$ cat coords_13.cif   # mmCIF, C-alpha atoms
data_data
#
loop_
_atom_site.label_atom_id
_atom_site.label_comp_id
_atom_site.auth_asym_id
_atom_site.auth_seq_id
_atom_site.Cartn_x
_atom_site.Cartn_y
_atom_site.Cartn_z
CA MET W 1 0.00 0.00 0.00
CA ARG W 2 2.86 2.33 0.82
CA ILE W 3 4.51 1.57 -2.53
CA GLN W 4 1.26 2.19 -4.37
CA ALA W 5 0.88 5.57 -2.63
CA VAL W 6 4.42 6.52 -3.60
CA VAL W 7 3.83 5.46 -7.20
CA ALA W 8 0.58 7.41 -7.30
CA ALA W 9 2.24 10.51 -5.90
CA TRP W 10 5.05 10.12 -8.44
CA GLY W 11 2.49 9.79 -11.26
CA VAL W 12 0.69 12.96 -10.21
CA ALA W 13 3.97 14.84 -10.07
CA VAL W 14 4.93 13.63 -13.56
CA LEU W 15 1.51 14.51 -14.90
CA MET W 16 1.70 18.03 -13.50
CA GLY W 17 5.13 18.48 -15.08
CA SER W 18 4.10 17.07 -18.44
CA PRO W 19 3.51 19.25 -21.59
CA VAL W 20 -0.19 18.53 -21.36
CA ALA W 21 -0.30 19.89 -17.86
CA GLU W 22 1.69 22.91 -18.97
CA ALA W 23 -0.78 23.53 -21.78
CA GLN W 24 -3.62 23.35 -19.33
CA THR W 25 -1.77 25.62 -16.94
CA PHE W 26 -1.07 28.35 -19.51
CA ALA W 27 -4.41 28.17 -21.27
CA PRO W 28 -6.18 30.73 -19.02
CA PRO W 29 -3.56 33.48 -19.59
CA GLN W 30 -3.91 32.97 -23.36
CA LEU W 31 -7.65 33.29 -23.09
CA GLU W 32 -7.24 36.38 -20.94
CA ALA W 33 -4.88 37.85 -23.53
CA VAL W 34 -7.44 37.25 -26.28
CA ALA W 35 -10.18 38.76 -24.14
CA SER W 36 -7.99 41.76 -23.36
CA SER W 37 -7.22 42.29 -27.05
CA ARG W 38 -10.93 42.16 -27.86
CA GLU W 39 -11.65 44.72 -25.17
CA ALA W 40 -8.94 46.96 -26.57
CA ILE W 41 -10.45 46.73 -30.04
CA ALA W 42 -14.07 47.06 -28.91
CA PRO W 43 -14.12 50.83 -28.25
CA SER W 44 -13.05 51.61 -31.81
CA GLN W 45 -15.88 49.46 -33.13
CA ASP W 46 -18.58 51.21 -31.07
CA PRO W 47 -20.83 53.66 -32.94
CA PRO W 48 -20.09 57.36 -32.39
CA SER W 49 -21.84 59.28 -29.66
CA GLN W 50 -25.43 60.16 -30.46
CA ASP W 51 -25.58 63.31 -28.32
CA ASP W 52 -25.42 65.72 -31.25
CA GLU W 53 -27.89 63.70 -33.29
CA SER W 54 -30.29 63.54 -30.35
CA ALA W 55 -30.02 67.29 -29.85
CA VAL W 56 -30.85 67.86 -33.52
CA ARG W 57 -33.82 65.49 -33.38
CA LYS W 58 -35.12 67.17 -30.24
CA LEU W 59 -34.72 70.59 -31.85
CA LEU W 60 -36.68 69.48 -34.90
CA ARG W 61 -39.39 67.98 -32.71
CA ASP W 62 -39.66 71.19 -30.70
CA GLU W 63 -39.80 73.21 -33.89
CA TRP W 64 -42.73 71.12 -35.04
CA ASP W 65 -44.44 71.86 -31.72
CA ASP W 66 -43.66 75.56 -32.22
CA TYR W 67 -45.48 75.54 -35.55
CA LYS W 68 -48.49 73.92 -33.91
CA ASN W 69 -48.39 76.25 -30.90
CA PHE W 70 -48.23 79.23 -33.23
CA PHE W 71 -51.97 78.85 -33.78
CA SER W 72 -53.38 79.94 -30.43
CA TRP W 73 -55.83 82.55 -29.19
CA ALA W 74 -53.07 84.53 -27.48
CA ASN W 75 -51.05 84.70 -30.70
CA ALA W 76 -54.18 85.57 -32.67
CA ILE W 77 -54.70 88.56 -30.38
CA TRP W 78 -51.08 89.68 -30.79
CA LEU W 79 -51.22 89.34 -34.57
CA GLY W 80 -54.66 90.97 -34.67
CA VAL W 81 -53.41 94.01 -32.77
CA GLY W 82 -50.26 94.11 -34.90
CA GLY W 83 -52.31 93.89 -38.06
CA ALA W 84 -54.66 96.64 -36.88
CA VAL W 85 -51.75 98.93 -36.01
CA SER W 86 -50.09 98.19 -39.34
CA LEU W 87 -53.32 98.88 -41.19
CA GLY W 88 -53.78 102.12 -39.28
CA LEU W 89 -50.24 103.22 -40.17
CA HIS W 90 -50.60 102.28 -43.82
CA PRO W 91 -52.01 105.71 -44.90
CA LEU W 92 -48.92 107.32 -43.34
CA ASP W 93 -46.41 105.14 -45.18
CA GLN W 94 -45.83 107.51 -48.07
CA ASP W 95 -45.73 110.62 -45.90
CA VAL W 96 -43.19 109.10 -43.49
CA HIS W 97 -41.13 107.88 -46.41
CA GLU W 98 -41.03 111.28 -48.08
CA ALA W 99 -40.34 113.06 -44.79
CA ALA W 100 -37.37 110.79 -44.15
CA LEU W 101 -36.00 111.45 -47.64
CA ASP W 102 -36.56 115.21 -47.44
CA ALA W 103 -34.90 115.43 -44.04
CA GLY W 104 -31.96 113.46 -45.29
CA THR W 105 -32.27 111.16 -42.29
CA PRO W 106 -28.98 109.28 -41.96
CA THR W 107 -28.94 105.52 -41.87
CA LEU W 108 -28.99 104.34 -38.27
CA TRP W 109 -25.70 102.52 -37.82
CA GLY W 110 -25.85 98.87 -36.75
CA GLY W 111 -29.55 98.31 -37.33
CA ASP W 112 -29.02 96.42 -40.57
CA THR W 113 -26.50 94.11 -38.89
CA TYR W 114 -28.35 93.51 -35.63
CA GLY W 115 -31.64 92.64 -37.32
CA SER W 116 -30.06 90.29 -39.85
CA GLN W 117 -30.39 86.57 -39.24
CA LYS W 118 -26.78 86.24 -40.35
CA PHE W 119 -26.08 87.87 -37.00
CA GLN W 120 -28.96 86.57 -34.89
CA VAL W 121 -28.58 82.86 -35.71
CA PRO W 122 -24.82 82.55 -34.94
CA VAL W 123 -25.32 84.50 -31.71
CA ALA W 124 -28.14 82.15 -30.69
CA ILE W 125 -26.01 79.08 -31.41
CA GLY W 126 -23.08 80.64 -29.54
CA VAL W 127 -25.20 81.30 -26.45
CA TRP W 128 -26.48 77.72 -26.57
CA VAL W 129 -22.97 76.25 -26.85
CA VAL W 130 -21.47 78.50 -24.15
CA GLY W 131 -24.33 77.75 -21.77
CA HIS W 132 -23.94 74.02 -22.33
CA ALA W 133 -20.16 74.14 -21.89
CA ALA W 134 -20.46 76.23 -18.73
CA GLY W 135 -23.06 73.91 -17.25
CA SER W 136 -25.69 76.67 -17.15
CA ASP W 137 -29.03 75.11 -18.02
CA ARG W 138 -30.74 78.50 -18.14
CA LEU W 139 -28.20 80.04 -20.54
CA ALA W 140 -28.26 76.95 -22.75
CA ALA W 141 -32.07 77.04 -22.80
CA THR W 142 -31.96 80.73 -23.71
CA GLY W 143 -29.67 80.08 -26.67
CA ARG W 144 -31.84 77.20 -27.80
CA ASP W 145 -34.99 79.34 -27.56
CA LEU W 146 -33.30 82.13 -29.50
CA LEU W 147 -32.43 79.70 -32.29
CA ARG W 148 -35.95 78.24 -32.35
CA ALA W 149 -37.41 81.74 -32.50
CA GLN W 150 -35.21 82.66 -35.46
CA ILE W 151 -36.22 79.52 -37.33
CA ALA W 152 -39.89 80.32 -36.74
CA VAL W 153 -39.38 83.96 -37.75
CA PHE W 154 -37.68 82.95 -40.98
CA SER W 155 -40.53 80.60 -41.89
CA TRP W 156 -43.49 82.86 -41.13
CA THR W 157 -41.91 86.11 -42.34
CA ASN W 158 -40.98 84.68 -45.72
CA ALA W 159 -44.30 82.90 -46.11
CA ILE W 160 -46.11 86.22 -45.65
CA LYS W 161 -43.61 88.08 -47.86
CA TRP W 162 -44.23 85.73 -50.77
CA ALA W 163 -47.99 85.78 -50.22
CA VAL W 164 -48.33 89.58 -50.01
CA ARG W 165 -45.61 90.53 -52.53
CA ARG W 166 -45.50 94.18 -51.55
CA THR W 167 -42.94 96.43 -53.23
CA ARG W 168 -40.39 98.17 -51.01
CA PRO W 169 -40.06 101.96 -51.06
CA ASN W 170 -36.79 101.59 -52.98
CA GLY W 171 -38.48 99.42 -55.63
CA ASP W 172 -37.23 96.03 -54.41
CA PRO W 173 -39.71 93.17 -53.88
CA ARG W 174 -41.08 91.47 -50.76
CA SER W 175 -41.42 94.38 -48.37
CA PHE W 176 -44.15 93.19 -45.99
CA PRO W 177 -43.38 92.38 -43.22
CA SER W 178 -39.91 93.52 -42.23
CA GLY W 179 -37.67 90.54 -41.56
CA HIS W 180 -35.18 92.61 -39.58
CA SER W 181 -37.96 93.81 -37.31
CA SER W 182 -39.40 90.35 -36.77
CA ALA W 183 -35.97 88.82 -36.06
CA SER W 184 -34.94 91.48 -33.54
CA PHE W 185 -38.30 91.53 -31.75
CA ALA W 186 -38.28 87.72 -31.54
CA THR W 187 -34.96 87.96 -29.69
CA ALA W 188 -36.42 90.62 -27.40
CA ALA W 189 -39.42 88.42 -26.60
CA VAL W 190 -37.21 85.45 -25.67
CA LEU W 191 -34.96 87.54 -23.43
CA LEU W 192 -38.00 89.13 -21.84
CA GLU W 193 -39.46 85.74 -20.96
CA GLN W 194 -36.16 84.27 -19.79
CA TYR W 195 -34.74 87.15 -17.76
CA GLY W 196 -37.55 89.64 -17.30
CA TRP W 197 -37.42 93.38 -17.89
CA LYS W 198 -33.74 93.75 -17.03
CA ALA W 199 -32.81 92.03 -20.27
CA GLY W 200 -36.09 92.58 -22.05
CA VAL W 201 -36.12 96.39 -22.04
CA PRO W 202 -32.64 96.80 -23.64
CA ALA W 203 -33.53 94.12 -26.19
CA LEU W 204 -36.82 95.85 -27.02
CA ALA W 205 -34.97 99.16 -27.41
CA ALA W 206 -32.49 97.50 -29.78
CA ALA W 207 -35.37 96.00 -31.75
CA ALA W 208 -37.15 99.36 -32.02
CA TYR W 209 -33.89 100.95 -33.16
CA THR W 210 -33.53 98.24 -35.81
CA ALA W 211 -37.09 98.77 -37.02
CA ALA W 212 -36.53 102.53 -37.32
CA SER W 213 -33.30 101.94 -39.22
CA ARG W 214 -35.17 99.98 -41.88
CA VAL W 215 -37.46 102.96 -42.53
CA THR W 216 -34.65 105.53 -42.64
CA ALA W 217 -32.61 103.25 -44.89
CA ASP W 218 -35.45 103.26 -47.44
CA GLN W 219 -35.84 99.48 -47.09
CA HIS W 220 -39.33 99.28 -45.59
CA TRP W 221 -42.56 101.16 -45.09
CA LEU W 222 -43.64 102.10 -41.61
CA SER W 223 -46.45 99.53 -41.67
CA ASP W 224 -43.94 96.81 -42.63
CA VAL W 225 -41.93 97.22 -39.46
CA ALA W 226 -45.05 97.51 -37.30
CA PHE W 227 -46.38 94.12 -38.30
CA GLY W 228 -42.87 92.66 -38.32
CA ALA W 229 -42.55 93.65 -34.66
CA ALA W 230 -45.82 91.89 -33.77
CA LEU W 231 -44.82 88.77 -35.71
CA GLY W 232 -41.44 88.64 -33.98
CA MET W 233 -43.03 88.96 -30.53
CA VAL W 234 -45.42 86.13 -31.35
CA CYS W 235 -42.58 83.84 -32.49
CA GLY W 236 -40.54 84.61 -29.38
CA ARG W 237 -43.49 84.02 -27.08
CA THR W 238 -44.38 80.77 -28.84
CA VAL W 239 -41.01 79.11 -28.21
CA THR W 240 -41.10 80.15 -24.54
CA VAL W 241 -44.70 79.16 -23.83
CA ARG W 242 -43.48 76.60 -21.28
CA LEU W 243 -42.15 79.43 -19.11
CA ARG W 244 -45.66 80.89 -18.81
CA ASN W 245 -47.26 77.51 -18.16
CA ARG W 246 -45.33 76.84 -14.95
CA ARG W 247 -47.38 75.81 -11.95
CA VAL W 248 -46.32 76.54 -8.40
CA THR W 249 -47.21 74.11 -5.62
CA ILE W 250 -47.03 75.13 -1.97
CA SER W 251 -46.49 72.44 0.65
CA PRO W 252 -45.67 72.71 4.38
CA VAL W 253 -42.74 70.68 5.72
CA VAL W 254 -42.20 70.05 9.43
CA GLN W 255 -38.73 68.91 10.43
CA ASP W 256 -36.78 69.11 13.70
CA HIS W 257 -39.47 71.17 15.41
CA ALA W 258 -39.36 73.71 12.56
CA ALA W 259 -42.06 74.51 10.02
CA ILE W 260 -40.98 75.24 6.45
CA VAL W 261 -43.12 76.24 3.48
CA MET W 262 -41.79 74.72 0.27
CA PHE W 263 -42.50 76.27 -3.15
CA THR W 264 -42.10 73.91 -6.11
CA VAL W 265 -42.17 75.11 -9.71
CA LEU W 266 -43.59 72.55 -12.14
CA GLN W 267 -43.27 72.81 -15.89
#
$ encode --input "coords_13.cif" --output "structure tokens"
Amino acid sequence: MRIQAVVAAWGVAVLMGSPVAEAQTFAPPQLEAVASSREAIAPSQDPPSQDDESAVRKLLRDEWDDYKNFFSWANAIWLGVGGAVSLGLHPLDQDVHEAALDAGTPTLWGGDTYGSQKFQVPVAIGVWVVGHAAGSDRLAATGRDLLRAQIAVFSWTNAIKWAVRRTRPNGDPRSFPSGHSSASFATAAVLLEQYGWKAGVPALAAAAYTAASRVTADQHWLSDVAFGAALGMVCGRTVTVRLRNRRVTISPVVQDHAAIVMFTVLQ
């Protein structure tokens, strides 16, 4: 029995030292190496990040909602008042135009640039990007709203321009409504909703300045800029409708022998 135990022990020792045993011993590291190489290759095979694509899809979806929300009673009132003011100013168009020419009114510097969407759209995108990079949800939302407002303004302004086909005072086509006025007042409406009068009043002043510059530059009639202002305000208010639909809940909280009233803003 002792001899058999020794022989068995010797056989196990030989088996563990044999090539077969070595192959079995080194097999796991080889498998680990293959698994590690696959893991190293895997990241390069993954699809690119979808963050940008998702942001674009969400923007397009929100734009579709903006077009639907454009048709509301509140917007109808704004456009109705704007249309009435524009119609009331229409008899004065020629007189204001001639008075501006006779007085030699100089072109108001900067109005053409500020009201152009070549300026407004990049600024909106820049505010969005900076707000996102800085981690400011409010600033990023402001930039996004500004961009949505400019897209809406471009659509509705040009649709009306092509439908009305009014000649400009300088003889060029598509005068009504003023695109510079609608773009600048849309920006003012967004800033007014996002930050209140502190940002809204300067933006409204800049928009009024832009509208006046279009009349003195012989680019638009007075009634053009009046309705353009109303259209811009409507577009800006449409993309920020969620800010006016907030609900505030008030709930008491008692903790550690202290009573606290909690205000929660729901969107």
$ atom_distance --input "coords_13.cif" --atom1 "atom CA of W:Tyr67" --atom2 "atom CA of W:Cys235"
9.3 Å
$ closest_residue --input "coords_13.cif" --among "W:Leu59, W:Val85, W:Leu243, W:Ala152" --to "W:Ser182" --atoms "all atoms listed in the file"
W:Ala152
$ atom_distance --input "coords_13.cif" --atom1 "atom CA of W:Glu98" --atom2 "atom CA of W:Ala183"
26.0 Å
$ closest_residue --input "coords_13.cif" --among "W:Ala230, W:Ala74, W:Val56, W:Leu139" --to "W:Thr157" --atoms "all atoms listed in the file"
W:Ala230
$ resolve_selection --input "coords_13.cif" --expression "the PyMOL selection byres ((chain W and resi 82) around 8)" --output "ChimeraX atom specification"
/W:78-81,83-86,226-227,229-231
$ resolve_selection --input "coords_13.cif" --expression "the PyMOL selection byres ((chain W and resi 149) around 9)" --output "JSON, numbers by chain"
{"W": [63, 66, 144, 145, 146, 147, 148, 150, 151, 152, 153, 154, 183, 186, 187, 190, 232, 235, 236, 237, 238, 239, 240]}
$ atom_distance --input "coords_13.cif" --atom1 "atom CA of W:His90" --atom2 "atom CA of W:Ser223"
5.4 Å
$ residues_around --input "coords_13.cif" --residues "W:Pro202" --least-positions-apart "4" --cutoff "12 Å" --atoms "all atoms listed in the file" --output "list in words"
Ser184, Phe185, Thr187, Ala188, Ala189, Leu191, Leu192, Tyr195, Gly196, Trp197, Lys198, Ala206, Ala207, Ala208 and Tyr209 of chain W
$ residues_around --input "coords_13.cif" --residues "W:Ile160" --least-positions-apart "2" --cutoff "12 Å" --atoms "all atoms listed in the file" --output "count of residues only"
22
$ build_atoms --input "coords_13.cif" --residues "stretch 147-161 of chain W" --atoms "N, CA and C atoms" --output "PDB file, in the frame of the given file"
ATOM      1  N   LEU W 147     -32.566  80.356 -30.992  1.00  0.00           N
ATOM      2  CA  LEU W 147     -32.430  79.700 -32.290  1.00  0.00           C
ATOM      3  C   LEU W 147     -33.799  79.251 -32.803  1.00  0.00           C
ATOM      4  N   ARG W 148     -34.607  78.661 -31.931  1.00  0.00           N
ATOM      5  CA  ARG W 148     -35.950  78.240 -32.350  1.00  0.00           C
ATOM      6  C   ARG W 148     -36.781  79.426 -32.809  1.00  0.00           C
ATOM      7  N   ALA W 149     -36.653  80.551 -32.115  1.00  0.00           N
ATOM      8  CA  ALA W 149     -37.410  81.740 -32.500  1.00  0.00           C
ATOM      9  C   ALA W 149     -36.987  82.243 -33.873  1.00  0.00           C
ATOM     10  N   GLN W 150     -35.690  82.200 -34.160  1.00  0.00           N
ATOM     11  CA  GLN W 150     -35.210  82.660 -35.460  1.00  0.00           C
ATOM     12  C   GLN W 150     -35.661  81.735 -36.593  1.00  0.00           C
ATOM     13  N   ILE W 151     -35.723  80.453 -36.315  1.00  0.00           N
ATOM     14  CA  ILE W 151     -36.220  79.520 -37.330  1.00  0.00           C
ATOM     15  C   ILE W 151     -37.698  79.792 -37.612  1.00  0.00           C
ATOM     16  N   ALA W 152     -38.463  80.018 -36.550  1.00  0.00           N
ATOM     17  CA  ALA W 152     -39.890  80.320 -36.740  1.00  0.00           C
ATOM     18  C   ALA W 152     -40.081  81.642 -37.474  1.00  0.00           C
ATOM     19  N   VAL W 153     -39.293  82.648 -37.101  1.00  0.00           N
ATOM     20  CA  VAL W 153     -39.380  83.960 -37.750  1.00  0.00           C
ATOM     21  C   VAL W 153     -39.078  83.846 -39.236  1.00  0.00           C
ATOM     22  N   PHE W 154     -38.054  83.113 -39.571  1.00  0.00           N
ATOM     23  CA  PHE W 154     -37.680  82.950 -40.980  1.00  0.00           C
ATOM     24  C   PHE W 154     -38.834  82.323 -41.765  1.00  0.00           C
ATOM     25  N   SER W 155     -39.448  81.303 -41.188  1.00  0.00           N
ATOM     26  CA  SER W 155     -40.530  80.600 -41.890  1.00  0.00           C
ATOM     27  C   SER W 155     -41.740  81.492 -42.111  1.00  0.00           C
ATOM     28  N   TRP W 156     -42.253  82.089 -41.022  1.00  0.00           N
ATOM     29  CA  TRP W 156     -43.490  82.860 -41.130  1.00  0.00           C
ATOM     30  C   TRP W 156     -43.290  84.171 -41.870  1.00  0.00           C
ATOM     31  N   THR W 157     -42.155  84.835 -41.654  1.00  0.00           N
ATOM     32  CA  THR W 157     -41.910  86.110 -42.340  1.00  0.00           C
ATOM     33  C   THR W 157     -41.855  85.905 -43.845  1.00  0.00           C
ATOM     34  N   ASN W 158     -41.114  84.898 -44.277  1.00  0.00           N
ATOM     35  CA  ASN W 158     -40.980  84.680 -45.720  1.00  0.00           C
ATOM     36  C   ASN W 158     -42.253  84.148 -46.341  1.00  0.00           C
ATOM     37  N   ALA W 159     -43.011  83.372 -45.582  1.00  0.00           N
ATOM     38  CA  ALA W 159     -44.300  82.900 -46.110  1.00  0.00           C
ATOM     39  C   ALA W 159     -45.224  84.085 -46.387  1.00  0.00           C
ATOM     40  N   ILE W 160     -45.254  85.042 -45.463  1.00  0.00           N
ATOM     41  CA  ILE W 160     -46.110  86.220 -45.650  1.00  0.00           C
ATOM     42  C   ILE W 160     -45.549  87.109 -46.761  1.00  0.00           C
ATOM     43  N   LYS W 161     -44.230  87.255 -46.813  1.00  0.00           N
ATOM     44  CA  LYS W 161     -43.610  88.080 -47.860  1.00  0.00           C
ATOM     45  C   LYS W 161     -44.019  87.583 -49.251  1.00  0.00           C
TER      46      LYS W 161
END
